[in-house]
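Text of the file model.cif, holding mmCIF, C-alpha atoms and all ligand atoms:
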```
data_query
#
loop_
_atom_site.group_PDB
_atom_site.id
_atom_site.type_symbol
_atom_site.label_atom_id
_atom_site.label_comp_id
_atom_site.auth_asym_id
_atom_site.auth_seq_id
_atom_site.Cartn_x
_atom_site.Cartn_y
_atom_site.Cartn_z
ATOM 1 C CA MET K 584 -71.362 24.930 -35.873
ATOM 2 C CA ALA K 585 -71.033 26.836 -39.120
ATOM 3 C CA ARG K 586 -68.156 25.468 -41.151
ATOM 4 C CA ARG K 587 -65.216 27.824 -41.345
ATOM 5 C CA LYS K 588 -64.509 29.530 -44.633
ATOM 6 C CA LYS K 589 -61.851 27.750 -46.672
ATOM 7 C CA LEU K 590 -59.193 30.188 -47.846
ATOM 8 C CA TYR K 591 -56.679 27.914 -49.566
ATOM 9 C CA GLU K 592 -56.168 24.237 -50.286
ATOM 10 C CA GLY K 593 -52.690 22.904 -50.974
ATOM 11 C CA LYS K 594 -51.395 19.386 -51.579
ATOM 12 C CA ALA K 595 -51.134 18.394 -47.906
ATOM 13 C CA LYS K 596 -53.000 21.082 -45.976
ATOM 14 C CA ILE K 597 -56.056 23.335 -46.015
ATOM 15 C CA LEU K 598 -56.202 26.833 -44.537
ATOM 16 C CA TYR K 599 -59.456 28.092 -43.031
ATOM 17 C CA GLU K 600 -60.365 31.487 -41.687
ATOM 18 C CA GLY K 601 -59.376 31.726 -38.019
ATOM 19 C CA PRO K 602 -61.510 32.748 -35.038
ATOM 20 C CA GLU K 603 -59.846 36.165 -34.778
ATOM 21 C CA PRO K 604 -58.322 38.569 -37.293
ATOM 22 C CA GLY K 605 -54.715 37.677 -38.005
ATOM 23 C CA THR K 606 -55.259 33.970 -37.286
ATOM 24 C CA LEU K 607 -55.923 30.936 -39.501
ATOM 25 C CA VAL K 608 -56.785 27.306 -38.900
ATOM 26 C CA GLN K 609 -54.386 24.904 -40.596
ATOM 27 C CA TYR K 610 -55.843 21.444 -41.353
ATOM 28 C CA PHE K 611 -53.512 18.516 -42.108
ATOM 29 C CA LYS K 612 -54.802 16.150 -44.806
ATOM 30 C CA ASP K 613 -53.812 12.522 -45.306
ATOM 31 C CA ASP K 614 -52.805 13.219 -48.914
ATOM 32 C CA ALA K 615 -49.216 12.538 -49.902
ATOM 33 C CA THR K 616 -47.726 13.774 -53.154
ATOM 34 C CA ALA K 617 -44.268 13.571 -54.672
ATOM 35 C CA PHE K 618 -42.542 14.758 -57.827
ATOM 36 C CA ASN K 619 -44.818 17.789 -58.064
ATOM 37 C CA ALA K 620 -47.952 15.704 -57.524
ATOM 38 C CA GLU K 621 -47.164 13.202 -60.300
ATOM 39 C CA LYS K 622 -47.313 10.546 -57.590
ATOM 40 C CA LYS K 623 -50.263 10.695 -55.192
ATOM 41 C CA ALA K 624 -51.742 8.608 -52.395
ATOM 42 C CA VAL K 625 -53.940 8.944 -49.356
ATOM 43 C CA ILE K 626 -52.044 7.681 -46.325
ATOM 44 C CA GLU K 627 -54.390 7.152 -43.429
ATOM 45 C CA GLY K 628 -53.201 8.886 -40.284
ATOM 46 C CA LYS K 629 -50.463 10.993 -41.909
ATOM 47 C CA GLY K 630 -52.293 14.251 -41.220
ATOM 48 C CA VAL K 631 -52.741 13.420 -37.544
ATOM 49 C CA LEU K 632 -49.044 12.584 -37.166
ATOM 50 C CA ASN K 633 -47.854 15.689 -39.023
ATOM 51 C CA ASN K 634 -50.183 17.936 -36.995
ATOM 52 C CA ARG K 635 -48.599 16.564 -33.793
ATOM 53 C CA LEU K 636 -45.051 16.620 -35.087
ATOM 54 C CA SER K 637 -45.292 20.145 -36.475
ATOM 55 C CA GLU K 638 -46.784 21.236 -33.127
ATOM 56 C CA PHE K 639 -43.859 19.620 -31.326
ATOM 57 C CA PHE K 640 -41.148 21.270 -33.452
ATOM 58 C CA MET K 641 -42.813 24.687 -33.669
ATOM 59 C CA THR K 642 -43.478 24.773 -29.908
ATOM 60 C CA GLY K 643 -39.837 23.950 -29.233
ATOM 61 C CA LEU K 644 -38.729 26.717 -31.592
ATOM 62 C CA ASN K 645 -41.103 29.244 -29.992
ATOM 63 C CA ASN K 646 -39.728 28.247 -26.568
ATOM 64 C CA ILE K 647 -36.115 28.925 -27.556
ATOM 65 C CA GLY K 648 -36.973 32.272 -29.125
ATOM 66 C CA VAL K 649 -37.202 31.295 -32.795
ATOM 67 C CA PRO K 650 -40.492 32.862 -33.898
ATOM 68 C CA THR K 651 -43.018 30.652 -35.713
ATOM 69 C CA HIS K 652 -46.614 30.938 -36.882
ATOM 70 C CA PHE K 653 -47.794 28.239 -34.442
ATOM 71 C CA ILE K 654 -50.233 29.319 -31.702
ATOM 72 C CA LYS K 655 -51.879 26.095 -30.483
ATOM 73 C CA ARG K 656 -53.178 22.745 -31.600
ATOM 74 C CA LEU K 657 -56.968 22.652 -31.768
ATOM 75 C CA ASN K 658 -57.683 18.973 -32.375
ATOM 76 C CA MET K 659 -56.314 15.863 -34.105
ATOM 77 C CA ARG K 660 -55.920 17.520 -37.483
ATOM 78 C CA GLU K 661 -56.077 21.259 -36.915
ATOM 79 C CA GLN K 662 -53.888 23.938 -35.418
ATOM 80 C CA LEU K 663 -54.359 27.652 -34.856
ATOM 81 C CA ILE K 664 -51.657 29.699 -36.572
ATOM 82 C CA ARG K 665 -50.793 33.323 -37.164
ATOM 83 C CA GLN K 666 -51.728 34.568 -40.590
ATOM 84 C CA VAL K 667 -48.585 35.462 -42.512
ATOM 85 C CA GLU K 668 -47.694 36.614 -45.985
ATOM 86 C CA ILE K 669 -45.720 33.688 -47.303
ATOM 87 C CA VAL K 670 -42.398 34.509 -48.965
ATOM 88 C CA PRO K 671 -42.638 32.499 -52.220
ATOM 89 C CA LEU K 672 -39.513 30.459 -51.503
ATOM 90 C CA GLU K 673 -38.742 26.974 -50.271
ATOM 91 C CA VAL K 674 -35.833 27.459 -47.897
ATOM 92 C CA ILE K 675 -33.780 24.264 -47.870
ATOM 93 C CA VAL K 676 -31.005 23.509 -45.387
ATOM 94 C CA ARG K 677 -28.688 20.586 -46.047
ATOM 95 C CA ASN K 678 -26.223 18.940 -43.667
ATOM 96 C CA PHE K 679 -25.499 15.849 -45.792
ATOM 97 C CA ALA K 680 -25.775 15.392 -49.559
ATOM 98 C CA ALA K 681 -29.057 13.768 -50.624
ATOM 99 C CA GLY K 682 -31.972 14.115 -53.006
ATOM 100 C CA SER K 683 -31.760 16.753 -55.709
ATOM 101 C CA MET K 684 -28.348 18.018 -54.555
ATOM 102 C CA ALA K 685 -26.782 14.543 -54.706
ATOM 103 C CA LYS K 686 -28.287 14.054 -58.160
ATOM 104 C CA ARG K 687 -27.297 17.476 -59.527
ATOM 105 C CA LEU K 688 -23.693 17.250 -58.368
ATOM 106 C CA GLY K 689 -23.192 13.492 -58.670
ATOM 107 C CA LEU K 690 -22.535 13.139 -54.926
ATOM 108 C CA GLU K 691 -23.041 10.017 -52.891
ATOM 109 C CA GLU K 692 -26.138 10.292 -50.676
ATOM 110 C CA GLY K 693 -25.072 10.718 -47.058
ATOM 111 C CA MET K 694 -21.801 12.529 -47.754
ATOM 112 C CA PRO K 695 -21.293 15.099 -44.989
ATOM 113 C CA LEU K 696 -21.228 18.664 -46.310
ATOM 114 C CA PRO K 697 -18.390 20.979 -45.212
ATOM 115 C CA ARG K 698 -20.987 23.280 -43.585
ATOM 116 C CA PRO K 699 -24.760 23.558 -43.582
ATOM 117 C CA ILE K 700 -25.835 24.816 -46.999
ATOM 118 C CA VAL K 701 -28.941 26.961 -47.400
ATOM 119 C CA GLU K 702 -30.567 27.102 -50.829
ATOM 120 C CA PHE K 703 -33.776 28.533 -52.230
ATOM 121 C CA SER K 704 -36.396 27.260 -54.651
ATOM 122 C CA TYR K 705 -39.017 29.545 -56.149
ATOM 123 C CA LYS K 706 -42.451 28.264 -55.075
ATOM 124 C CA ASP K 707 -44.261 27.642 -58.337
ATOM 125 C CA ASP K 708 -45.821 24.241 -58.975
ATOM 126 C CA ALA K 709 -46.181 24.859 -62.711
ATOM 127 C CA LEU K 710 -42.406 25.329 -62.922
ATOM 128 C CA GLY K 711 -41.629 22.497 -60.463
ATOM 129 C CA ASP K 712 -40.217 24.834 -57.765
ATOM 130 C CA PRO K 713 -36.925 25.656 -59.542
ATOM 131 C CA LEU K 714 -33.732 26.279 -57.575
ATOM 132 C CA VAL K 715 -32.935 29.998 -57.760
ATOM 133 C CA PRO K 716 -29.877 32.062 -56.792
ATOM 134 C CA GLU K 717 -30.206 34.978 -54.350
ATOM 135 C CA GLU K 718 -29.641 37.374 -57.234
ATOM 136 C CA TYR K 719 -32.912 36.261 -58.889
ATOM 137 C CA ILE K 720 -34.807 36.564 -55.610
ATOM 138 C CA ILE K 721 -33.697 40.144 -55.099
ATOM 139 C CA ALA K 722 -33.987 41.181 -58.755
ATOM 140 C CA PHE K 723 -37.541 39.843 -59.066
ATOM 141 C CA GLY K 724 -38.526 41.336 -55.704
ATOM 142 C CA TRP K 725 -39.568 38.086 -53.990
ATOM 143 C CA ALA K 726 -37.463 39.137 -50.980
ATOM 144 C CA SER K 727 -34.882 41.809 -50.199
ATOM 145 C CA GLN K 728 -31.234 41.202 -49.250
ATOM 146 C CA GLN K 729 -32.147 42.027 -45.635
ATOM 147 C CA ASP K 730 -35.047 39.523 -45.770
ATOM 148 C CA LEU K 731 -32.699 36.853 -47.109
ATOM 149 C CA ASP K 732 -30.145 37.531 -44.374
ATOM 150 C CA ASP K 733 -32.938 37.166 -41.788
ATOM 151 C CA ILE K 734 -34.295 34.014 -43.457
ATOM 152 C CA VAL K 735 -30.843 32.371 -43.543
ATOM 153 C CA ALA K 736 -30.324 33.224 -39.848
ATOM 154 C CA LEU K 737 -33.754 31.754 -39.021
ATOM 155 C CA ALA K 738 -33.105 28.630 -41.112
ATOM 156 C CA LEU K 739 -29.743 27.989 -39.427
ATOM 157 C CA ARG K 740 -31.294 28.328 -35.967
ATOM 158 C CA VAL K 741 -34.007 25.860 -36.978
ATOM 159 C CA ASN K 742 -31.250 23.563 -38.273
ATOM 160 C CA ASP K 743 -29.333 23.644 -34.974
ATOM 161 C CA PHE K 744 -32.495 23.011 -32.975
ATOM 162 C CA LEU K 745 -33.816 20.191 -35.152
ATOM 163 C CA THR K 746 -30.385 18.560 -35.490
ATOM 164 C CA GLY K 747 -30.056 18.417 -31.699
ATOM 165 C CA VAL K 748 -33.596 17.222 -31.033
ATOM 166 C CA MET K 749 -33.329 14.494 -33.649
ATOM 167 C CA TYR K 750 -29.840 13.446 -32.523
ATOM 168 C CA GLY K 751 -31.274 12.956 -29.040
ATOM 169 C CA VAL K 752 -33.578 10.250 -30.398
ATOM 170 C CA GLY K 753 -31.007 8.573 -32.639
ATOM 171 C CA ILE K 754 -31.989 10.288 -35.884
ATOM 172 C CA LYS K 755 -29.752 12.170 -38.308
ATOM 173 C CA LEU K 756 -31.212 15.347 -39.825
ATOM 174 C CA VAL K 757 -29.978 15.127 -43.412
ATOM 175 C CA ASP K 758 -31.886 18.115 -44.786
ATOM 176 C CA PHE K 759 -35.198 19.940 -44.479
ATOM 177 C CA LYS K 760 -37.357 22.641 -45.973
ATOM 178 C CA ILE K 761 -39.074 25.531 -44.251
ATOM 179 C CA GLU K 762 -41.088 28.462 -45.443
ATOM 180 C CA ALA K 763 -40.882 31.975 -44.046
ATOM 181 C CA GLY K 764 -43.795 34.350 -43.562
ATOM 182 C CA ARG K 765 -44.048 38.062 -42.956
ATOM 183 C CA VAL K 766 -45.979 39.486 -40.014
ATOM 184 C CA TRP K 767 -46.430 43.117 -39.105
ATOM 185 C CA ASP K 768 -46.386 44.447 -35.561
ATOM 186 C CA ASN K 769 -47.577 48.008 -36.208
ATOM 187 C CA ASP K 770 -45.196 49.214 -38.937
ATOM 188 C CA TYR K 771 -42.454 46.766 -38.090
ATOM 189 C CA MET K 772 -42.177 43.718 -40.383
ATOM 190 C CA ARG K 773 -40.698 40.457 -39.083
ATOM 191 C CA LEU K 774 -40.044 37.105 -40.705
ATOM 192 C CA ILE K 775 -41.184 33.994 -38.857
ATOM 193 C CA VAL K 776 -41.185 30.250 -39.556
ATOM 194 C CA ALA K 777 -44.433 29.223 -41.263
ATOM 195 C CA ASP K 778 -46.048 26.260 -43.085
ATOM 196 C CA GLU K 779 -45.058 23.010 -41.309
ATOM 197 C CA ILE K 780 -42.088 21.062 -40.009
ATOM 198 C CA SER K 781 -42.733 17.346 -40.316
ATOM 199 C CA PRO K 782 -41.256 14.211 -41.910
ATOM 200 C CA ASP K 783 -42.960 15.397 -45.134
ATOM 201 C CA SER K 784 -40.445 18.222 -45.331
ATOM 202 C CA CYS K 785 -37.297 16.683 -43.784
ATOM 203 C CA ARG K 786 -34.918 13.841 -44.515
ATOM 204 C CA LEU K 787 -34.504 11.797 -41.343
ATOM 205 C CA TRP K 788 -32.251 8.745 -41.178
ATOM 206 C CA ASP K 789 -31.820 6.398 -38.255
ATOM 207 C CA ILE K 790 -28.265 6.994 -37.013
ATOM 208 C CA GLU K 791 -27.504 3.300 -36.437
ATOM 209 C CA THR K 792 -29.127 1.656 -39.445
ATOM 210 C CA GLY K 793 -29.572 4.487 -41.954
ATOM 211 C CA GLN K 794 -33.258 3.557 -42.236
ATOM 212 C CA LYS K 795 -35.277 6.350 -43.822
ATOM 213 C CA LEU K 796 -38.003 7.782 -41.595
ATOM 214 C CA ASP K 797 -39.360 10.519 -43.884
ATOM 215 C CA LYS K 798 -41.276 11.104 -47.114
ATOM 216 C CA ASP K 799 -38.577 9.358 -49.178
ATOM 217 C CA VAL K 800 -40.293 6.145 -47.945
ATOM 218 C CA PHE K 801 -43.224 7.193 -50.143
ATOM 219 C CA ARG K 802 -41.214 8.822 -52.949
ATOM 220 C CA ARG K 803 -39.032 5.708 -53.347
ATOM 221 C CA ASP K 804 -41.544 2.986 -52.335
ATOM 222 C CA LEU K 805 -39.540 1.850 -49.317
ATOM 223 C CA GLY K 806 -42.417 0.576 -47.153
ATOM 224 C CA SER K 807 -45.056 2.045 -44.871
ATOM 225 C CA LEU K 808 -44.964 5.813 -44.513
ATOM 226 C CA THR K 809 -47.253 5.669 -41.480
ATOM 227 C CA ASP K 810 -44.909 3.257 -39.734
ATOM 228 C CA ALA K 811 -41.955 5.576 -40.436
ATOM 229 C CA TYR K 812 -43.715 8.714 -39.159
ATOM 230 C CA THR K 813 -45.118 6.814 -36.178
ATOM 231 C CA GLU K 814 -41.585 5.770 -35.275
ATOM 232 C CA VAL K 815 -40.420 9.408 -35.335
ATOM 233 C CA ALA K 816 -43.424 10.455 -33.200
ATOM 234 C CA ARG K 817 -42.878 7.561 -30.804
ATOM 235 C CA ARG K 818 -39.204 8.391 -30.267
ATOM 236 C CA LEU K 819 -40.055 12.037 -29.636
ATOM 237 C CA GLY K 820 -42.817 11.056 -27.196
ATOM 238 C CA VAL K 821 -45.537 12.842 -29.161
ATOM 239 C CA LEU K 822 -47.608 9.884 -30.268
ATOM 240 C CA PRO K 823 -51.307 10.606 -29.760
ATOM 241 C CA SER K 824 -52.872 7.883 -27.658
ATOM 242 C CA ASN K 825 -55.575 7.018 -30.200
ATOM 243 C CA VAL K 826 -53.383 6.517 -33.257
ATOM 244 C CA THR K 827 -53.700 2.849 -34.063
ATOM 245 C CA HIS K 828 -50.501 2.490 -36.066
ATOM 246 C CA ALA K 829 -48.161 2.075 -33.127
ATOM 247 C CA PRO K 830 -45.314 -0.354 -33.854
ATOM 248 C CA LYS K 831 -46.174 -3.952 -33.107
ATOM 249 C CA PRO K 832 -44.761 -5.237 -29.815
ATOM 250 C CA HIS K 833 -41.706 -7.451 -30.041
ATOM 251 C CA VAL K 834 -42.468 -11.132 -29.802
ATOM 252 C CA ILE K 835 -40.201 -12.739 -27.222
ATOM 253 C CA ASN K 836 -39.516 -16.391 -27.882
HETATM 254 P P1 LIG S 901 -34.623 17.824 -52.513
HETATM 255 O O1 LIG S 901 -33.347 17.118 -52.218
HETATM 256 O O2 LIG S 901 -35.613 16.979 -53.268
HETATM 257 O O3 LIG S 901 -34.390 19.163 -53.158
HETATM 258 O O4 LIG S 901 -35.327 18.126 -51.093
HETATM 259 C C1 LIG S 901 -34.654 18.827 -50.083
HETATM 260 C C2 LIG S 901 -35.507 18.839 -48.827
HETATM 261 O O5 LIG S 901 -36.699 19.583 -49.030
HETATM 262 C C3 LIG S 901 -35.958 17.471 -48.356
HETATM 263 O O6 LIG S 901 -35.857 17.435 -46.946
HETATM 264 C C4 LIG S 901 -37.402 17.365 -48.770
HETATM 265 C C5 LIG S 901 -37.853 18.792 -48.777
HETATM 266 N N1 LIG S 901 -38.824 19.073 -49.835
HETATM 267 C C6 LIG S 901 -40.059 19.594 -49.509
HETATM 268 O O7 LIG S 901 -40.372 19.790 -48.339
HETATM 269 N N2 LIG S 901 -40.927 19.865 -50.515
HETATM 270 C C7 LIG S 901 -40.639 19.678 -51.823
HETATM 271 O O8 LIG S 901 -41.469 19.956 -52.694
HETATM 272 C C8 LIG S 901 -39.333 19.143 -52.151
HETATM 273 C C9 LIG S 901 -38.952 18.880 -53.570
HETATM 274 C C10 LIG S 901 -38.468 18.855 -51.116
#
```

Using structure tokens, write down the structure from this file.
Ligand code: TMP
Amino acid sequence: MARRKKLYEGKAKILYEGPEPGTLVQYFKDDATAFNAEKKAVIEGKGVLNNRLSEFFMTGLNNIGVPTHFIKRLNMREQLIRQVEIVPLEVIVRNFAAGSMAKRLGLEEGMPLPRPIVEFSYKDDALGDPLVPEEYIIAFGWASQQDLDDIVALALRVNDFLTGVMYGVGIKLVDFKIEAGRVWDNDYMRLIVADEISPDSCRLWDIETGQKLDKDVFRRDLGSLTDAYTEVARRLGVLPSNVTHAPKPHVIN
């Protein structure tokens, strides 16, 4: 089979031309990066887990009427998606203080926030994805006020869905990042959830123990990232049968 044409390669994924106009194939790599790619590693199996987990979350969102780019999973590492025009923003939703917010404001990690807070970073690796106010976004034409209202509404629906799903398996959704993409149905433009939803782009803490089950395990050298992601996949019942990193069985004395 002729290899598909590569259209874009990012830090964790590759986009190929899709089988039909308006579609793309999204390939999940095993590469992990942090701190704007200052820290890098190849983590065997990460791509397979994130492909499954993003499928799981995006399918759930599609099923409750939150539109996403996801069409179907093709194989272990690839999924068919709708082609979108990515809005150049990282849309971050926070339920508890952590990461850059905790650092910027001197807050203790884990402090509950009075309400979910949505913030935006401008997607530009050379600048390190700086946090930007809505005023910049509108003034520089990255999105309109109406787009931002739609994106916030989408992000809050994703937050409610993910919070509930994760709570059901004993995991606290601390924060996450999504990206929004534009699609056109005739002349009508809509914003949908794009990119990926996986432990690479969320903070997930075990409710009982506080154990981190997300990319902070890699960022902060807290142990095996594959074990953490496998645990999330296992709890959600989406572990592919041929992933060999399943948790070791308990030894009963
Ligand atoms: P932050 O606290 O480092 O700003 O991260 C907030 C959330 O966004 C967290 O869940 C991790 C996610 N995130 C990404 O998905 N990509 C990124 O490049 C960064 C910096 C954070």

TODO: Measuring atom to atom with all atoms listed in the file, identify which of K:Phe618, K:Tyr812, K:Phe801, K:Tyr705 is nearest to ligand LIG 901 (chain S).
DONE: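 Closest to ligand LIG 901 (chain S), using all atoms listed in the file: K:Phe618.
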
Task: 9 Å contact set for Ala624 of chain K, all atoms listed in the file, chain neighbours under 5 positions out, as a ChimeraX atom specification - done: /K:613-616,801

Task: Distance of atom O7 of ligand LIG 901 (chain S) from atom CA of Gly764 of chain K, expressed in Å to one decimal place - done: 15.7 Å

Task: Protein and nucleic residues near ligand LIG 901 (chain S), 9 Å, all atoms listed in the file, as a count of residues only - done: 39

TODO: Could you give me, as a list in words, the residues within 8 Å of segment 730-741 of chain K, counting all atoms listed in the file and dropping anything in the same chain fewer than 3 positions from it?
DONE: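 Once the adjacent positions are removed, what remains is Leu644, Val649, Val674, Val676, Pro699, Val701, Glu717, Ala726, Ser727, Phe744, Leu745, Ile761, Ala763, Leu774, Ile775 and Val776 of chain K.
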
- [ ] Compare K:Asp768, K:Asp778, K:Glu592, K:Glu814 by their minimum atom-to-atom distance to Gln794 of chain K, counting all atoms listed in the file, and give me the closest one.
- [x] K:Glu814

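We find atom CA of Val748 of chain K and atom CA of Met772 of chain K to be spaced 29.4 Å apart.
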
Shell around Thr606 of chain K at 6 Å using all atoms listed in the file, local window under 6 positions removed, as a CSV table (one decimal) with C-alpha atoms, keeping the file's coordinate frame:
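This is the output file result_13.csv:
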```csv
chain,number,residue,atom,x,y,z
K,664,ILE,CA,-51.7,29.7,-36.6
K,665,ARG,CA,-50.8,33.3,-37.2
K,666,GLN,CA,-51.7,34.6,-40.6
```

Task: Point-to-point distance in Å for atom CA of Phe723 of chain K and atom CA of Pro671 of chain K - done: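 Distance between the two atoms: 11.3 Å.
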
- [ ] Determine the residue set returned by the PyMOL selection byres (((chain K and resi 821) around 10) and not hetatm) for the present structure, and present it as number ranges by chain.
- [x] K: 632, 635-636, 638-639, 813, 815-820, 822-824

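Nearest to Glu668 of chain K of all the residues K:Gly605, K:Gly593, K:Gly724, K:Gly628 is K:Gly605, counting only C-alpha atoms.
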
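With all atoms listed in the file as the basis for measurement, K:Ile790 is the residue among K:Leu805, K:Ile790, K:Ile700, K:Val625 that approaches Gly751 of chain K most closely.
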
Open item on the list: Which residue is closest to Leu607 of chain K? Choose from K:Ile626, K:Leu808, K:Val715, K:Ile654 and count only C-alpha atoms.
Closed with: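 Ranking K:Ile626, K:Leu808, K:Val715, K:Ile654 by distance to Leu607 of chain K, first place goes to K:Ile654.
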
Any chance you could work out the axis-aligned box around segment 657-661 of chain K, listed atoms only, 5 Å on each side, giving centre and edge lengths in Å to one decimal, as JSON?
```
{"center_x": -56.8, "center_y": 19.3, "center_z": -34.6, "size_x": 11.8, "size_y": 16.8, "size_z": 15.7}
```
